[in-house]
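Peer 1: This is my_file-v9.csv (CSV, C-alpha atoms and all ligand atoms).
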```
chain,number,residue,atom,x,y,z
A,161,VAL,CA,-67.1,25.1,21.8
A,162,LYS,CA,-64.6,24.3,19.0
A,163,ILE,CA,-65.9,22.0,16.2
A,164,SER,CA,-63.6,20.6,13.5
A,165,VAL,CA,-64.9,19.0,10.4
A,166,LEU,CA,-62.9,16.4,8.5
A,167,LYS,CA,-62.4,15.9,4.8
A,168,GLU,CA,-63.3,12.3,4.1
A,169,ARG,CA,-60.3,10.2,3.1
A,170,ASP,CA,-60.2,9.1,-0.5
A,171,GLU,CA,-60.4,5.3,0.2
A,172,GLY,CA,-63.9,4.1,-0.6
A,173,GLY,CA,-64.6,7.2,-2.6
A,174,GLU,CA,-66.7,8.9,0.1
A,175,ARG,CA,-68.1,12.2,-1.3
A,176,ARG,CA,-70.2,13.4,1.6
A,177,VAL,CA,-69.3,15.9,4.2
A,178,ALA,CA,-70.6,16.3,7.8
A,179,LEU,CA,-71.2,20.1,7.7
A,180,ILE,CA,-73.1,22.3,5.3
A,181,PRO,CA,-73.1,26.1,5.3
A,182,GLN,CA,-76.8,26.4,6.4
A,183,VAL,CA,-76.0,24.4,9.6
A,184,VAL,CA,-73.1,26.8,10.5
A,185,GLU,CA,-75.7,29.7,10.5
A,186,LYS,CA,-78.2,27.7,12.6
A,187,LEU,CA,-75.7,26.7,15.3
A,188,ALA,CA,-73.9,30.1,15.5
A,189,PRO,CA,-76.1,31.3,18.4
A,190,LEU,CA,-74.8,28.4,20.6
A,191,GLY,CA,-71.3,30.1,20.5
A,192,ILE,CA,-69.6,27.5,18.3
A,193,ALA,CA,-66.3,28.1,16.5
A,194,PHE,CA,-66.2,25.9,13.3
A,195,SER,CA,-63.0,24.8,11.6
A,196,MET,CA,-62.8,22.6,8.5
A,197,GLU,CA,-60.2,20.7,6.6
A,198,THR,CA,-59.5,22.3,3.2
A,199,GLY,CA,-61.8,21.0,0.5
A,200,ALA,CA,-63.9,19.0,2.9
A,201,GLY,CA,-67.2,19.9,1.1
A,202,LEU,CA,-65.9,20.1,-2.4
A,203,ALA,CA,-67.0,16.6,-3.6
A,204,SER,CA,-70.5,17.3,-2.3
A,205,SER,CA,-70.8,20.6,-4.1
A,206,TYR,CA,-69.9,22.8,-1.2
A,207,PRO,CA,-66.7,24.7,-1.9
A,208,ASP,CA,-64.7,26.2,1.0
A,209,ASN,CA,-65.9,29.7,0.2
A,210,ALA,CA,-69.5,28.7,0.7
A,211,TYR,CA,-68.9,28.3,4.4
A,212,THR,CA,-69.1,31.8,5.8
A,213,GLY,CA,-67.7,32.0,9.3
A,214,VAL,CA,-65.7,28.7,9.2
A,215,SER,CA,-61.9,28.8,9.3
A,216,VAL,CA,-60.4,26.4,6.7
A,217,SER,CA,-57.0,24.7,7.3
A,218,PRO,CA,-55.1,21.9,5.5
A,219,ASP,CA,-53.5,20.8,8.8
A,220,ARG,CA,-55.7,17.9,9.8
A,221,ASN,CA,-53.7,17.0,13.0
A,222,ALA,CA,-53.9,20.6,14.2
A,223,LEU,CA,-57.7,20.6,13.6
A,224,LEU,CA,-58.0,17.3,15.6
A,225,ALA,CA,-55.8,18.4,18.5
A,226,ASP,CA,-57.7,21.6,18.9
A,227,ALA,CA,-61.3,20.3,18.6
A,228,ASP,CA,-63.8,19.8,21.4
A,229,ILE,CA,-66.0,18.0,18.8
A,230,VAL,CA,-64.9,16.3,15.6
A,231,LEU,CA,-67.5,15.7,12.9
A,232,ALA,CA,-67.1,13.1,10.1
A,233,VAL,CA,-69.2,10.8,7.9
A,234,GLN,CA,-67.3,7.5,7.7
A,235,PRO,CA,-65.6,5.8,10.7
A,236,PRO,CA,-62.3,7.6,11.3
A,237,SER,CA,-58.9,5.9,11.1
A,238,LEU,CA,-57.1,5.0,14.2
A,239,ASP,CA,-54.5,7.8,13.5
A,240,THR,CA,-57.4,10.3,13.4
A,241,VAL,CA,-58.6,9.1,16.8
A,242,ARG,CA,-55.1,9.2,18.3
A,243,ALA,CA,-54.7,12.8,17.2
A,244,MET,CA,-57.9,13.8,19.1
A,245,LYS,CA,-57.6,15.2,22.6
A,246,PRO,CA,-58.8,13.2,25.7
A,247,GLY,CA,-62.3,14.2,26.7
A,248,SER,CA,-63.3,15.4,23.2
A,249,VAL,CA,-66.3,14.2,21.2
A,250,LEU,CA,-66.5,12.3,17.9
A,251,VAL,CA,-69.7,12.3,15.9
A,252,SER,CA,-69.7,10.0,12.9
A,253,PHE,CA,-70.8,6.6,11.7
A,254,VAL,CA,-68.7,4.1,13.6
A,255,TYR,CA,-70.2,0.6,13.0
A,256,GLY,CA,-68.5,-0.6,16.2
A,257,ARG,CA,-69.2,-4.3,15.7
A,258,ASN,CA,-67.3,-4.2,12.4
A,259,ASN,CA,-64.6,-1.9,13.7
A,260,PRO,CA,-63.5,-3.2,17.1
A,261,ASP,CA,-60.0,-1.6,17.0
A,262,LEU,CA,-61.6,1.8,16.4
A,263,VAL,CA,-64.0,1.4,19.4
A,264,LYS,CA,-61.0,0.4,21.6
A,265,ALA,CA,-59.0,3.4,20.4
A,266,LEU,CA,-62.0,5.7,21.2
A,267,ARG,CA,-62.2,4.1,24.7
A,268,ASP,CA,-58.5,4.2,25.4
A,269,GLY,CA,-58.2,7.8,24.1
A,270,LYS,CA,-61.1,8.8,26.5
A,271,ILE,CA,-63.1,10.1,23.5
A,272,THR,CA,-66.8,10.4,23.8
A,273,GLY,CA,-67.9,8.6,20.7
A,274,PHE,CA,-71.4,9.3,19.3
A,275,ALA,CA,-72.2,6.7,16.6
A,276,MET,CA,-74.8,8.0,14.2
A,277,GLU,CA,-76.0,4.4,13.4
A,278,LEU,CA,-77.0,4.1,17.1
A,279,VAL,CA,-79.5,6.9,17.2
A,280,PRO,CA,-82.6,5.3,18.8
A,281,ARG,CA,-85.5,4.8,16.3
A,282,ILE,CA,-88.1,6.7,18.4
A,283,SER,CA,-90.2,9.7,17.3
A,284,ARG,CA,-88.2,12.2,19.3
A,285,ALA,CA,-85.0,11.3,17.6
A,286,GLN,CA,-86.3,11.2,14.1
A,287,ALA,CA,-84.5,14.5,13.2
A,288,MET,CA,-81.2,12.8,14.2
A,289,ASP,CA,-81.8,9.6,12.4
A,290,ALA,CA,-79.1,9.5,9.8
A,291,LEU,CA,-79.7,5.8,8.8
A,292,SER,CA,-83.2,6.9,7.7
A,293,SER,CA,-82.2,10.1,5.9
A,294,GLN,CA,-79.5,8.2,3.9
A,295,ALA,CA,-81.7,5.2,3.2
A,296,THR,CA,-84.4,7.4,1.9
A,297,LEU,CA,-82.1,8.7,-0.8
A,298,ALA,CA,-80.7,5.3,-1.6
A,299,GLY,CA,-84.2,3.8,-2.0
A,300,TYR,CA,-85.1,6.6,-4.5
A,301,TYR,CA,-81.9,6.2,-6.4
A,302,ALA,CA,-82.1,2.4,-6.6
A,303,VAL,CA,-85.1,2.7,-8.9
A,304,LEU,CA,-83.3,5.2,-11.2
A,305,MET,CA,-80.4,2.8,-11.4
A,306,GLY,CA,-82.7,0.0,-12.3
A,307,ALA,CA,-84.4,2.1,-14.9
A,308,VAL,CA,-81.2,2.8,-16.8
A,309,HIS,CA,-80.2,-0.9,-16.8
A,310,MET,CA,-83.5,-2.1,-18.1
A,311,PRO,CA,-84.2,-2.6,-21.9
A,312,LYS,CA,-87.6,-1.0,-21.4
A,313,ILE,CA,-89.4,1.9,-19.9
A,314,LEU,CA,-91.4,1.9,-16.7
A,315,PRO,CA,-94.8,3.5,-17.5
A,316,MET,CA,-97.5,2.4,-19.8
A,317,MET,CA,-97.3,4.4,-23.0
A,318,THR,CA,-99.7,4.7,-25.9
A,319,THR,CA,-98.1,5.1,-29.3
A,320,ALA,CA,-99.4,5.2,-32.9
A,321,VAL,CA,-98.4,1.5,-33.2
A,322,GLY,CA,-100.0,0.3,-30.0
A,323,SER,CA,-99.6,0.5,-26.3
A,324,LEU,CA,-96.5,-0.4,-24.3
A,325,ARG,CA,-97.2,-2.2,-21.1
A,326,ALA,CA,-96.1,-0.8,-17.7
A,327,ALA,CA,-93.2,-2.5,-16.1
A,328,GLN,CA,-93.6,-4.8,-13.1
A,329,VAL,CA,-91.5,-3.6,-10.1
A,330,LEU,CA,-91.1,-5.7,-7.0
A,331,VAL,CA,-89.5,-4.2,-3.9
A,332,MET,CA,-88.3,-6.7,-1.2
A,333,GLY,CA,-87.7,-5.3,2.2
A,334,LEU,CA,-90.0,-2.4,3.1
A,335,GLY,CA,-88.0,-0.4,5.6
A,336,VAL,CA,-87.1,3.2,4.9
A,337,ALA,CA,-85.3,2.5,1.6
A,338,GLY,CA,-87.8,0.0,0.3
A,339,LEU,CA,-90.8,2.3,0.9
A,340,GLN,CA,-89.0,5.1,-1.0
A,341,ALA,CA,-88.2,2.7,-3.8
A,342,LEU,CA,-91.9,1.7,-4.1
A,343,ALA,CA,-93.0,5.4,-4.1
A,344,THR,CA,-90.4,6.2,-6.8
A,345,ALA,CA,-91.3,3.2,-9.0
A,346,LYS,CA,-95.0,4.2,-8.8
A,347,ARG,CA,-94.2,7.8,-9.7
A,348,LEU,CA,-92.4,6.6,-12.8
A,349,GLY,CA,-95.5,4.7,-13.8
A,350,ALA,CA,-94.6,1.1,-12.9
A,351,VAL,CA,-97.0,-1.5,-11.5
A,352,THR,CA,-95.6,-2.1,-8.0
A,353,GLU,CA,-95.5,-4.9,-5.5
A,354,GLY,CA,-93.9,-4.9,-2.1
A,355,TYR,CA,-92.8,-7.7,0.2
A,356,ASP,CA,-91.5,-7.8,3.8
A,357,VAL,CA,-91.6,-10.1,6.8
A,358,ARG,CA,-93.1,-7.5,9.1
A,359,PRO,CA,-96.9,-7.5,8.6
A,360,GLU,CA,-97.3,-3.8,9.4
A,361,THR,CA,-95.6,-3.0,6.1
A,362,ARG,CA,-98.7,-4.3,4.2
A,363,GLU,CA,-100.6,-1.0,4.9
A,364,GLU,CA,-97.5,1.1,4.2
A,365,ALA,CA,-97.1,-0.6,0.8
A,366,GLN,CA,-100.7,-0.3,0.0
A,367,SER,CA,-100.8,3.4,0.9
A,368,LEU,CA,-98.1,3.9,-1.8
A,369,GLY,CA,-100.3,2.2,-4.4
A,370,ALA,CA,-98.5,-1.1,-4.3
A,371,LYS,CA,-99.8,-4.7,-3.9
A,372,PHE,CA,-98.5,-6.5,-0.9
A,373,VAL,CA,-97.1,-10.0,-1.4
A,374,ASP,CA,-98.5,-12.0,1.5
A,375,THR,CA,-96.5,-15.1,2.4
A,376,GLY,CA,-98.2,-15.6,5.8
A,377,VAL,CA,-94.9,-15.3,7.7
A,378,ASP,CA,-94.5,-12.8,10.5
A,379,ALA,CA,-90.9,-12.2,11.5
A,380,THR,CA,-91.3,-9.1,13.6
A,381,GLY,CA,-88.2,-8.8,15.9
A,382,GLN,CA,-87.0,-6.4,18.5
A,383,GLY,CA,-87.2,-2.6,18.3
A,384,GLY,CA,-89.3,-2.6,15.1
A,385,TYR,CA,-86.6,-4.5,13.2
A,386,ALA,CA,-87.0,-8.0,11.6
A,387,ARG,CA,-85.6,-11.3,12.9
A,388,GLU,CA,-84.0,-14.0,10.9
A,389,LEU,CA,-86.4,-16.6,9.4
A,390,THR,CA,-86.4,-20.3,10.3
A,391,ASP,CA,-85.7,-22.8,7.6
A,392,ASP,CA,-89.4,-23.8,7.5
A,393,GLU,CA,-90.4,-20.2,7.0
A,394,LYS,CA,-87.8,-19.7,4.3
A,395,HIS,CA,-89.2,-22.6,2.4
A,396,LYS,CA,-92.8,-21.3,2.6
A,397,VAL,CA,-91.8,-17.8,1.6
A,398,ARG,CA,-89.7,-19.1,-1.3
A,399,THR,CA,-92.5,-20.9,-3.0
A,400,ILE,CA,-94.8,-17.9,-3.0
A,401,LEU,CA,-92.1,-15.4,-4.0
A,402,SER,CA,-90.8,-17.4,-6.9
A,403,GLU,CA,-93.8,-16.5,-9.0
A,404,HIS,CA,-93.5,-12.8,-8.3
A,405,ILE,CA,-89.8,-12.8,-9.0
A,406,ALA,CA,-90.4,-14.5,-12.3
A,407,ARG,CA,-92.8,-11.9,-13.6
A,408,SER,CA,-90.8,-8.8,-12.5
A,409,ASP,CA,-89.0,-6.5,-14.8
A,410,LEU,CA,-87.2,-4.8,-12.0
A,411,ILE,CA,-86.6,-5.9,-8.4
A,412,VAL,CA,-85.1,-3.8,-5.7
A,413,THR,CA,-84.0,-5.7,-2.6
A,414,THR,CA,-83.2,-3.8,0.7
A,415,ALA,CA,-83.6,-6.5,3.3
A,416,ALA,CA,-81.5,-6.3,6.5
A,417,VAL,CA,-81.5,-7.8,10.0
A,418,PRO,CA,-79.4,-5.8,12.5
A,419,GLY,CA,-76.1,-7.5,13.3
A,420,LYS,CA,-76.5,-10.2,10.7
A,421,ARG,CA,-75.4,-10.9,7.2
A,422,ALA,CA,-78.0,-9.6,4.7
A,423,PRO,CA,-80.8,-12.3,4.3
A,424,ARG,CA,-80.8,-14.2,1.0
A,425,LEU,CA,-84.1,-13.4,-0.7
A,426,ILE,CA,-83.4,-14.6,-4.3
A,427,ASP,CA,-81.4,-17.7,-5.2
A,428,ALA,CA,-79.8,-18.8,-8.5
A,429,GLU,CA,-82.7,-21.0,-9.6
A,430,GLN,CA,-85.1,-18.1,-9.1
A,431,ILE,CA,-82.8,-15.8,-11.1
A,432,SER,CA,-82.6,-18.3,-14.0
A,433,ALA,CA,-86.4,-18.3,-14.2
A,434,MET,CA,-86.6,-14.5,-14.6
A,435,LYS,CA,-87.6,-12.6,-17.7
A,436,PRO,CA,-84.8,-11.8,-20.3
A,437,GLY,CA,-83.5,-8.3,-19.5
A,438,ALA,CA,-84.8,-8.3,-16.0
A,439,VAL,CA,-82.8,-6.2,-13.5
A,440,ILE,CA,-82.1,-6.6,-9.8
A,441,ILE,CA,-80.8,-3.7,-7.7
A,442,ASP,CA,-79.4,-5.2,-4.6
A,443,LEU,CA,-79.1,-2.6,-1.9
A,444,GLY,CA,-78.1,-5.4,0.5
A,445,ALA,CA,-74.8,-5.7,-1.5
A,446,GLU,CA,-72.7,-4.1,1.2
A,447,GLY,CA,-74.0,-6.5,3.9
A,448,GLY,CA,-73.3,-9.6,1.8
A,449,GLY,CA,-76.2,-9.3,-0.7
A,450,ASN,CA,-79.8,-10.3,-0.8
A,451,CYS,CA,-79.3,-12.2,-4.1
A,452,GLU,CA,-77.2,-15.1,-5.0
A,453,GLY,CA,-74.5,-13.8,-7.4
A,454,THR,CA,-74.5,-10.2,-6.3
A,455,VAL,CA,-71.0,-8.7,-6.4
A,456,ALA,CA,-70.6,-5.6,-4.2
A,457,GLY,CA,-69.7,-2.6,-6.3
A,458,GLN,CA,-70.3,-4.3,-9.6
A,459,THR,CA,-72.9,-5.0,-12.2
A,460,VAL,CA,-73.0,-8.6,-13.3
A,461,ARG,CA,-75.1,-10.7,-15.9
A,462,VAL,CA,-76.5,-13.9,-14.4
A,463,GLY,CA,-78.5,-15.9,-16.8
A,464,PRO,CA,-81.3,-13.7,-18.1
A,465,ALA,CA,-80.8,-11.0,-15.5
A,466,THR,CA,-78.6,-8.1,-14.7
A,467,ILE,CA,-77.7,-7.8,-11.0
A,468,VAL,CA,-76.4,-4.4,-9.7
A,469,GLY,CA,-74.7,-4.4,-6.3
A,470,PRO,CA,-74.2,-0.7,-5.5
A,471,VAL,CA,-72.2,0.3,-2.4
A,472,ASN,CA,-72.5,3.6,-0.6
A,473,VAL,CA,-75.4,4.9,-2.7
A,474,ALA,CA,-75.9,7.9,-0.4
A,475,SER,CA,-72.4,9.1,-1.4
A,476,MET,CA,-73.6,9.1,-5.1
A,477,LEU,CA,-76.1,11.8,-4.1
A,478,ALA,CA,-73.5,13.6,-2.0
A,479,GLU,CA,-75.0,17.1,-2.1
A,480,GLN,CA,-78.4,16.2,-0.6
A,481,ALA,CA,-77.0,13.2,1.4
A,482,SER,CA,-74.7,15.7,3.1
A,483,GLU,CA,-77.5,18.2,3.6
A,484,LEU,CA,-79.6,15.7,5.4
A,485,TYR,CA,-76.7,14.1,7.4
A,486,ALA,CA,-75.4,17.5,8.5
A,487,LYS,CA,-78.9,18.4,9.7
A,488,ASN,CA,-79.2,15.1,11.5
A,489,ILE,CA,-75.9,16.0,13.3
A,490,MET,CA,-77.2,19.6,13.9
A,491,HIS,CA,-80.1,18.2,15.9
A,492,LEU,CA,-77.8,16.0,17.9
A,493,LEU,CA,-75.5,18.9,18.6
A,494,GLN,CA,-78.4,21.0,19.8
A,495,GLN,CA,-78.9,18.3,22.5
A,496,LEU,CA,-75.3,18.2,23.5
A,497,ILE,CA,-74.5,22.0,23.6
A,498,THR,CA,-76.3,24.8,25.4
A,499,LYS,CA,-75.4,28.5,25.3
A,500,GLU,CA,-75.0,28.6,29.1
A,501,HIS,CA,-73.1,25.4,29.8
A,502,GLY,CA,-71.3,24.8,26.5
A,503,LEU,CA,-70.7,21.1,25.7
A,504,ALA,CA,-72.5,19.2,28.4
A,505,PRO,CA,-74.1,15.9,27.3
A,506,ASP,CA,-76.8,14.7,29.6
A,507,PHE,CA,-76.3,10.9,29.7
A,508,THR,CA,-79.6,10.4,31.5
A,509,ASP,CA,-81.3,11.4,28.2
A,510,GLU,CA,-82.5,8.3,26.3
A,511,VAL,CA,-81.3,9.6,22.9
A,512,ILE,CA,-77.9,10.8,24.1
A,513,ALA,CA,-77.2,7.7,26.1
A,514,GLY,CA,-78.5,5.5,23.2
A,515,THR,CA,-76.2,7.2,20.7
A,516,ALA,CA,-73.1,7.2,22.9
A,517,LEU,CA,-70.7,4.3,22.1
A,518,THR,CA,-67.8,5.3,24.3
A,519,HIS,CA,-67.3,7.8,27.2
A,520,ASP,CA,-64.6,8.5,29.7
A,521,GLY,CA,-62.6,5.3,29.1
A,522,TYR,CA,-65.6,2.9,28.8
A,523,ILE,CA,-67.6,1.3,26.0
A,524,THR,CA,-71.0,2.5,27.1
A,525,ASN,CA,-73.1,0.6,24.5
A,526,ASP,CA,-73.9,-2.8,25.9
A,527,GLY,CA,-74.4,-4.6,22.6
A,528,VAL,CA,-71.1,-3.4,21.1
A,529,ARG,CA,-69.2,-4.0,24.3
A,530,ALA,CA,-70.5,-7.6,24.4
A,531,ALA,CA,-69.7,-8.1,20.8
A,532,ILE,CA,-66.0,-6.9,20.8
A,533,ASP,CA,-64.7,-7.1,24.3
B,1,LIG,P1,-83.5,-2.3,7.8
B,1,LIG,O1,-82.6,-1.6,6.9
B,1,LIG,O2,-83.0,-2.9,9.0
B,1,LIG,O3,-84.2,-3.5,6.9
B,1,LIG,C1,-84.9,-3.2,5.7
B,1,LIG,C2,-86.2,-4.1,5.7
B,1,LIG,O4,-85.9,-5.4,5.5
B,1,LIG,C3,-87.0,-4.1,7.0
B,1,LIG,O5,-88.3,-3.6,6.7
B,1,LIG,C4,-87.1,-5.6,7.4
B,1,LIG,O6,-88.3,-5.9,8.0
B,1,LIG,C5,-86.8,-6.2,6.1
B,1,LIG,N1,-86.4,-7.6,6.1
B,1,LIG,C6,-85.6,-8.2,7.0
B,1,LIG,N2,-85.4,-9.5,6.7
B,1,LIG,C7,-86.3,-9.8,5.6
B,1,LIG,C8,-86.6,-11.0,4.9
B,1,LIG,N3,-86.0,-12.1,5.2
B,1,LIG,N4,-87.4,-10.8,3.9
B,1,LIG,C9,-88.0,-9.6,3.6
B,1,LIG,N5,-87.7,-8.5,4.2
B,1,LIG,C10,-86.9,-8.6,5.3
B,1,LIG,O7,-84.8,-1.4,8.0
B,1,LIG,P2,-84.9,0.1,8.3
B,1,LIG,O8,-85.2,0.9,7.1
B,1,LIG,O9,-83.7,0.5,9.1
B,1,LIG,O10,-86.2,0.2,9.2
B,1,LIG,C11,-86.3,-0.8,10.3
B,1,LIG,C12,-87.5,-0.4,11.2
B,1,LIG,O11,-87.3,0.8,11.9
B,1,LIG,C13,-88.8,-0.2,10.5
B,1,LIG,O12,-89.8,-0.8,11.2
B,1,LIG,C14,-89.0,1.2,10.4
B,1,LIG,O13,-90.3,1.6,10.3
B,1,LIG,C15,-88.4,1.6,11.8
B,1,LIG,N6,-88.0,3.0,11.8
B,1,LIG,C16,-88.5,3.8,12.8
B,1,LIG,C17,-88.1,5.1,12.9
B,1,LIG,C18,-88.6,6.0,14.0
B,1,LIG,O14,-89.6,5.7,14.6
B,1,LIG,N7,-87.9,7.1,14.3
B,1,LIG,C19,-87.1,5.6,12.0
B,1,LIG,C20,-86.7,4.7,11.0
B,1,LIG,C21,-87.1,3.4,11.0
```
Could you render the structure as structure tokens?
Ligand code: NAD

Peer 2:
Amino acid sequence: VKISVLKERDEGGERRVALIPQVVEKLAPLGIAFSMETGAGLASSYPDNAYTGVSVSPDRNALLADADIVLAVQPPSLDTVRAMKPGSVLVSFVYGRNNPDLVKALRDGKITGFAMELVPRISRAQAMDALSSQATLAGYYAVLMGAVHMPKILPMMTTAVGSLRAAQVLVMGLGVAGLQALATAKRLGAVTEGYDVRPETREEAQSLGAKFVDTGVDATGQGGYARELTDDEKHKVRTILSEHIARSDLIVTTAAVPGKRAPRLIDAEQISAMKPGAVIIDLGAEGGGNCEGTVAGQTVRVGPATIVGPVNVASMLAEQASELYAKNIMHLLQQLITKEHGLAPDFTDEVIAGTALTHDGYITNDGVRAAID
């Protein structure tokens, strides 16, 4: 089986790579021949010469035309897909609902597209769950970004002239990123509070030493995700949250609802009531922002507060984000390839069928097909 790994294009400043040297070693017994675009791993601290047993070439189109499987991080361009051979496999993030032309190009090119954001969130697929691996890093880093924007430190500190109080950190949205943010803030010595609309997050927050902000609203949706709140619920939640927002030194927001714009958790009035110097790190920035006034990719001052709207945080931690992403892909490839039969995806398998977006001229994912066709 021939696998080609692409260098991410410069647009968007993506630094990650879909293959690390350790994965090459692990997959070698399956009889895989790896090729890689020159410098593909450089921005994530993996120079070409670190990849033993991988052939390196600057000729992207030749790599694409030759590959049984193409690995990438970001959704590929249409030109990239058109250079792939019919019947070959793409493994990358695709975000089909946002990239309908790309999905159609995969379909029309008879490419089997595995979209990493579609990996089912079941225990057996945890090792392939790239959304989780990347969100873990982003949640950690959000707190560090917050710390450097704050005019104060996080822990309680006793000095000769008295004690400094610990900072108050509020994390809103306790999925994978939010829980990691709570854990990180706690490790740095802050007093932590967590809030989510799924009640099962109460125990998770408490087990990380945080208080849970109870608004009495349960918005558990399908597949372990949240649903959108009704207007009545939003009003109820707002009243309770305002007080917690006003006393926070740092807020990390991570709320998301699949297929929807990021829910608005903090409005301008609540921001104007925040403490001077307070900081919000809005990890929802890419999805439209959890706060009023967030600008994706920028840091803005709004009244007393600083709002940071980082995009593609995982790419900022490219070395380890690549390590985890490449391992997620490795676990998927181990399901797709056997030593005896080579590349032979079993579409009756829940994880493989769930991750597949296109196959043999069809859009196989019902949700994406309905959204774009
Ligand atoms: P996500 O990125 O979709 O959303 C982040 C958080 O925002 C979620 O906890 C969600 O409940 C919350 N949220 C949505 N609307 C909100 C609102 N109005 N106010 C406050 N919070 C709001 O979440 P995720 O990190 O992808 O995790 C989603 C779910 O999947 C979780 O239940 C998680 O435990 C589960 N999960 C399971 C597995 C597995 O079993 N393999 C792996 C990863 C995640």

Peer 1: Using CA of Val177 (chain A) and CA of Gly447 (chain A) as the two end points, give the distance in Å to one decimal.

Peer 2: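 Here the two named atoms are 22.9 Å from each other.
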
Peer 1: Could you state the separation of CA of Val230 (chain A) and CA of Gly201 (chain A) in Å, given to one decimal place?

Peer 2: 15.1 Å

Peer 1: So, with only C-alpha atoms and all ligand atoms as the atoms that count, which of A:Leu368, A:Leu496, A:Val417, A:Leu401 lies closest to ligand LIG 1 (chain B)?

Peer 2: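 Smallest separation from ligand LIG 1 (chain B) among the options: A:Val417.
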
Peer 1: Can you work out which residues are within 8 Å of ligand LIG 1 (chain B), considering all atoms listed in the file, and then hand them over as a PyMOL selection string?

Peer 2: chain A and resi 280-286+289+291-292+295+332-338+355-358+361+379-380+383-389+394+414-418+422-425

Peer 1: Calculated over only C-alpha atoms, which of the candidates A:Gly172, A:Gly514, A:Gly256, A:Gly273 has the smallest distance to Gly419 (chain A)?

Peer 2: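 Smallest distance to Gly419 (chain A) is found for A:Gly256.
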
Peer 1: Which polymer residues, protein or nucleic acid, are no farther than 6 Å from (-61.0, 19.6, 23.3), counting all atoms listed in the file, as a compact mmCIF listing (two decimals) with C-alpha atoms, keeping the file's coordinate frame?

Peer 2:
```
# COMPACT_ATOMS: atom_id res chain seq x y z
CA ASP A 226 -57.70 21.60 18.90
CA ALA A 227 -61.30 20.30 18.60
CA ASP A 228 -63.80 19.80 21.40
CA LYS A 245 -57.60 15.20 22.60
CA SER A 248 -63.30 15.40 23.20
```

Peer 1: List the neighbours of Phe274 (chain A) out to 7 Å using all atoms listed in the file; skip same-chain residues closer than 2 positions along the sequence, and give me the result as a tab-separated table (two decimals) with C-alpha atoms, in the coordinates of the input.

Peer 2:
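The resulting file, selection_35.tsv, is shown below:
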```
chain	number	residue	atom	x	y	z
A	250	LEU	CA	-66.50	12.30	17.90
A	251	VAL	CA	-69.70	12.30	15.90
A	252	SER	CA	-69.70	10.00	12.90
A	272	THR	CA	-66.80	10.40	23.80
A	276	MET	CA	-74.80	8.00	14.20
A	515	THR	CA	-76.20	7.20	20.70
A	516	ALA	CA	-73.10	7.20	22.90
A	517	LEU	CA	-70.70	4.30	22.10
```

Peer 1: Would you pick out the contacts of Ile313 (chain A) at 10 Å or less, using all atoms listed in the file, so that residues sharing its chain but fewer than 2 positions from it are not included, and give the list as a list in words?

Peer 2: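 The neighbour list is Ala307, Val308, Met310, Pro311, Pro315, Met316, Met317, Leu324, Arg325, Ala326, Ala327, Leu348, Gly349, Ala350 and Asp409 of chain A.
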
Peer 1: Find the spatial neighbours of region 479-488 of chain A, counting all atoms listed in the file, within a cut-off of 6 Å - ignore same-chain residues fewer than 5 positions away - and output them as a list in words.

Peer 2: Arg176, Val177, Ala178, Leu179, Ser204, Ser205, Ala287, Met288, Ala290 and Ala474 of chain A

Peer 1: Have a look at A:Ala406, A:Leu231, A:Leu223, A:Met476 and name the one nearest to Ala433 (chain A); count all atoms listed in the file.

Peer 2: A:Ala406

Peer 1: Select, counting all atoms listed in the file, all protein, DNA and RNA residues no farther than 10 Å from (-71.6, 26.6, 25.2) in file coordinates, and express the selection as a ChimeraX atom specification.

Peer 2: /A:161-162,189-192,496-504

Peer 1: Could you state the separation of CA of Asn525 (chain A) and CA of Gly247 (chain A) in Å, given to one decimal place?

Peer 2: 17.5 Å

Peer 1: Pick from A:Gln430, A:Ser217, A:Thr296, A:Thr413: nearest to Val462 (chain A), with all atoms listed in the file counted?

Peer 2: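 For Val462 (chain A), the nearest of the given residues is A:Gln430.
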
Peer 1: Between A:Leu278, A:Val455, A:Ala188, A:Ile400, which one has atoms that come closest to Val511 (chain A), using only C-alpha atoms?

Peer 2: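 Counting only C-alpha atoms, the residue closest to Val511 (chain A) is A:Leu278.
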
Peer 1: Which polymer residues have any atom within 12 Å of an atom of Ser402 (chain A), counting all atoms listed in the file, with same-chain residues fewer than 6 positions away left out, as a list in words?

Peer 2: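 Result of the neighbour search: Leu330, Val373, Thr375, Lys394, His395, Lys396, Ser408, Leu425, Ile426, Asp427, Ala428, Glu429, Gln430, Ile431, Ser432, Ala433 and Met434 of chain A.
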
Peer 1: When distances are computed from all atoms listed in the file, which of A:Leu342, A:Ile163, A:Ile271, A:Ala465 shows the smallest separation from Tyr301 (chain A)?

Peer 2: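 For Tyr301 (chain A), the nearest of the given residues is A:Leu342.
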
Peer 1: Can you list, as a list of chain:residue names, every protein, DNA or RNA residue that comes within 9 Å of Gly199 (chain A) when you count all atoms listed in the file, leaving out same-chain residues fewer than 3 positions away?

Peer 2: A:Lys167, A:Met196, A:Leu202, A:Ala203, A:Tyr206, A:Pro207, A:Asp208, A:Val216, A:Pro218
